[in-house]
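To start, the structure itself, in structure tokens.
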Amino acid sequence: MANVKVKLVKSLIGSKKDQIATANSLGLRKIGDVSIQPDNAQTQGKIRKIAHLIEATEE
């Protein structure tokens, strides 16, 4: 099964509460944090929700 590498590149300050919660659920709390997530529908939805704050690459 494929994985997705997600990196937080922009600050969460000023973001909506639901976007902050989504980033936290992906394991991203500070700028530069990296998380490996399974490539499934749930993860893709989370990535789309905060796409302007992160960089996502397939691994």
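In the structure tokens, chains take letters A, B, ... by order of appearance, with residues numbered from 1 within each chain and ligands from 1 in the order shown.
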- [ ] From a DSSP calculation on the backbone, collect every residue of chain A in helix (DSSP H, G or I) and output the set as a PyMOL selection string.
- [x] chain A and resi 17-25+41-49
Okay, now the selection with all heavy atoms, as a tab-separated table (two decimals), in the first residue's frame?
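After the write, result.tsv holds the following:
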```tsv
chain	number	residue	atom	x	y	z
A	17	LYS	N	-10.35	26.87	13.08
A	17	LYS	CA	-10.20	25.81	14.08
A	17	LYS	C	-10.24	24.42	13.45
A	17	LYS	O	-9.51	23.53	13.86
A	17	LYS	CB	-11.26	25.93	15.16
A	17	LYS	CG	-11.05	27.08	16.09
A	17	LYS	CD	-12.10	27.11	17.18
A	17	LYS	CE	-11.88	28.30	18.10
A	17	LYS	NZ	-12.87	28.33	19.18
A	18	ASP	N	-11.11	24.23	12.45
A	18	ASP	CA	-11.21	22.92	11.84
A	18	ASP	C	-9.96	22.59	11.02
A	18	ASP	O	-9.55	21.43	10.94
A	18	ASP	CB	-12.47	22.78	11.00
A	18	ASP	CG	-12.54	23.78	9.86
A	18	ASP	OD1	-11.98	24.88	9.99
A	18	ASP	OD2	-13.17	23.48	8.84
A	19	GLN	N	-9.30	23.60	10.44
A	19	GLN	CA	-8.06	23.36	9.71
A	19	GLN	C	-6.93	23.01	10.66
A	19	GLN	O	-6.12	22.13	10.37
A	19	GLN	CB	-7.69	24.59	8.88
A	19	GLN	CG	-8.65	24.84	7.74
A	19	GLN	CD	-8.37	26.14	7.02
A	19	GLN	OE1	-7.74	27.04	7.55
A	19	GLN	NE2	-8.87	26.24	5.80
A	20	ILE	N	-6.88	23.67	11.81
A	20	ILE	CA	-5.87	23.36	12.82
A	20	ILE	C	-6.08	21.93	13.33
A	20	ILE	O	-5.12	21.17	13.48
A	20	ILE	CB	-5.92	24.38	13.98
A	20	ILE	CG1	-5.52	25.76	13.47
A	20	ILE	CG2	-5.03	23.94	15.13
A	20	ILE	CD1	-5.75	26.89	14.46
A	21	ALA	N	-7.32	21.55	13.56
A	21	ALA	CA	-7.63	20.21	14.03
A	21	ALA	C	-7.23	19.16	12.98
A	21	ALA	O	-6.73	18.09	13.32
A	21	ALA	CB	-9.11	20.09	14.37
A	22	THR	N	-7.44	19.47	11.70
A	22	THR	CA	-7.06	18.56	10.63
A	22	THR	C	-5.55	18.38	10.59
A	22	THR	O	-5.05	17.25	10.47
A	22	THR	CB	-7.57	19.08	9.27
A	22	THR	OG1	-8.99	19.21	9.33
A	22	THR	CG2	-7.20	18.14	8.14
A	23	ALA	N	-4.81	19.47	10.71
A	23	ALA	CA	-3.34	19.39	10.73
A	23	ALA	C	-2.87	18.56	11.93
A	23	ALA	O	-1.99	17.71	11.80
A	23	ALA	CB	-2.74	20.78	10.77
A	24	ASN	N	-3.48	18.79	13.08
A	24	ASN	CA	-3.11	18.02	14.27
A	24	ASN	C	-3.40	16.54	14.10
A	24	ASN	O	-2.64	15.69	14.56
A	24	ASN	CB	-3.82	18.57	15.51
A	24	ASN	CG	-3.28	19.92	15.94
A	24	ASN	OD1	-2.17	20.29	15.59
A	24	ASN	ND2	-4.07	20.65	16.69
A	25	SER	N	-4.51	16.22	13.42
A	25	SER	CA	-4.85	14.81	13.21
A	25	SER	C	-3.86	14.12	12.27
A	25	SER	O	-3.71	12.90	12.32
A	25	SER	CB	-6.27	14.67	12.68
A	25	SER	OG	-6.34	15.08	11.33
A	41	ALA	N	-8.71	7.36	1.17
A	41	ALA	CA	-9.68	8.44	0.96
A	41	ALA	C	-9.70	9.43	2.12
A	41	ALA	O	-9.82	10.64	1.91
A	41	ALA	CB	-11.07	7.85	0.75
A	42	GLN	N	-9.57	8.94	3.36
A	42	GLN	CA	-9.60	9.82	4.52
A	42	GLN	C	-8.41	10.78	4.49
A	42	GLN	O	-8.57	11.97	4.72
A	42	GLN	CB	-9.59	9.02	5.83
A	42	GLN	CG	-10.85	8.24	6.08
A	42	GLN	CD	-10.88	6.89	5.37
A	42	GLN	OE1	-9.92	6.49	4.73
A	42	GLN	NE2	-12.00	6.19	5.47
A	43	THR	N	-7.23	10.26	4.22
A	43	THR	CA	-6.04	11.09	4.18
A	43	THR	C	-6.11	12.09	3.04
A	43	THR	O	-5.74	13.27	3.20
A	43	THR	CB	-4.78	10.21	4.03
A	43	THR	OG1	-4.74	9.28	5.11
A	43	THR	CG2	-3.52	11.06	4.06
A	44	GLN	N	-6.59	11.67	1.88
A	44	GLN	CA	-6.71	12.59	0.74
A	44	GLN	C	-7.67	13.74	1.05
A	44	GLN	O	-7.42	14.88	0.66
A	44	GLN	CB	-7.18	11.83	-0.51
A	44	GLN	CG	-6.13	10.88	-1.06
A	44	GLN	CD	-4.85	11.57	-1.47
A	44	GLN	OE1	-4.87	12.69	-1.97
A	44	GLN	NE2	-3.74	10.91	-1.25
A	45	GLY	N	-8.75	13.46	1.77
A	45	GLY	CA	-9.67	14.52	2.17
A	45	GLY	C	-9.03	15.51	3.11
A	45	GLY	O	-9.22	16.73	2.99
A	46	LYS	N	-8.24	15.02	4.06
A	46	LYS	CA	-7.53	15.90	4.99
A	46	LYS	C	-6.52	16.76	4.24
A	46	LYS	O	-6.36	17.96	4.53
A	46	LYS	CB	-6.83	15.08	6.07
A	46	LYS	CG	-7.77	14.39	7.02
A	46	LYS	CD	-7.01	13.52	8.00
A	46	LYS	CE	-7.94	12.73	8.90
A	46	LYS	NZ	-7.22	11.89	9.85
A	47	ILE	N	-5.82	16.16	3.28
A	47	ILE	CA	-4.83	16.90	2.50
A	47	ILE	C	-5.50	18.01	1.70
A	47	ILE	O	-5.00	19.13	1.63
A	47	ILE	CB	-4.04	15.93	1.60
A	47	ILE	CG1	-3.10	15.08	2.46
A	47	ILE	CG2	-3.27	16.68	0.52
A	47	ILE	CD1	-2.42	13.96	1.71
A	48	ARG	N	-6.65	17.72	1.10
A	48	ARG	CA	-7.36	18.74	0.32
A	48	ARG	C	-7.82	19.89	1.20
A	48	ARG	O	-7.83	21.04	0.78
A	48	ARG	CB	-8.56	18.12	-0.39
A	48	ARG	CG	-8.20	17.57	-1.74
A	48	ARG	CD	-9.43	17.18	-2.56
A	48	ARG	NE	-9.22	15.81	-3.01
A	48	ARG	CZ	-9.77	14.74	-2.46
A	48	ARG	NH1	-10.59	14.84	-1.46
A	48	ARG	NH2	-9.52	13.54	-2.95
A	49	LYS	N	-8.21	19.59	2.43
A	49	LYS	CA	-8.72	20.62	3.34
A	49	LYS	C	-7.66	21.63	3.72
A	49	LYS	O	-7.95	22.81	3.89
A	49	LYS	CB	-9.30	19.96	4.59
A	49	LYS	CG	-10.02	20.92	5.51
A	49	LYS	CD	-10.74	20.14	6.59
A	49	LYS	CE	-11.60	21.05	7.41
A	49	LYS	NZ	-12.92	21.25	6.85
```
TODO: Please run DSSP on the backbone and report, as an MDAnalysis selection string, all residues within chain A that come out as strand (DSSP E).
DONE: chainID A and resid 3:8 34:38 54:58
Open item on the list: Give me the residues near Glu55 in chain A as a ChimeraX atom specification, where near means some atom within 10 Å (using only C-alpha atoms) and where sequence neighbours in that chain fewer than 3 positions away do not count.
Closed with: /A:5-10,34,47,50-52
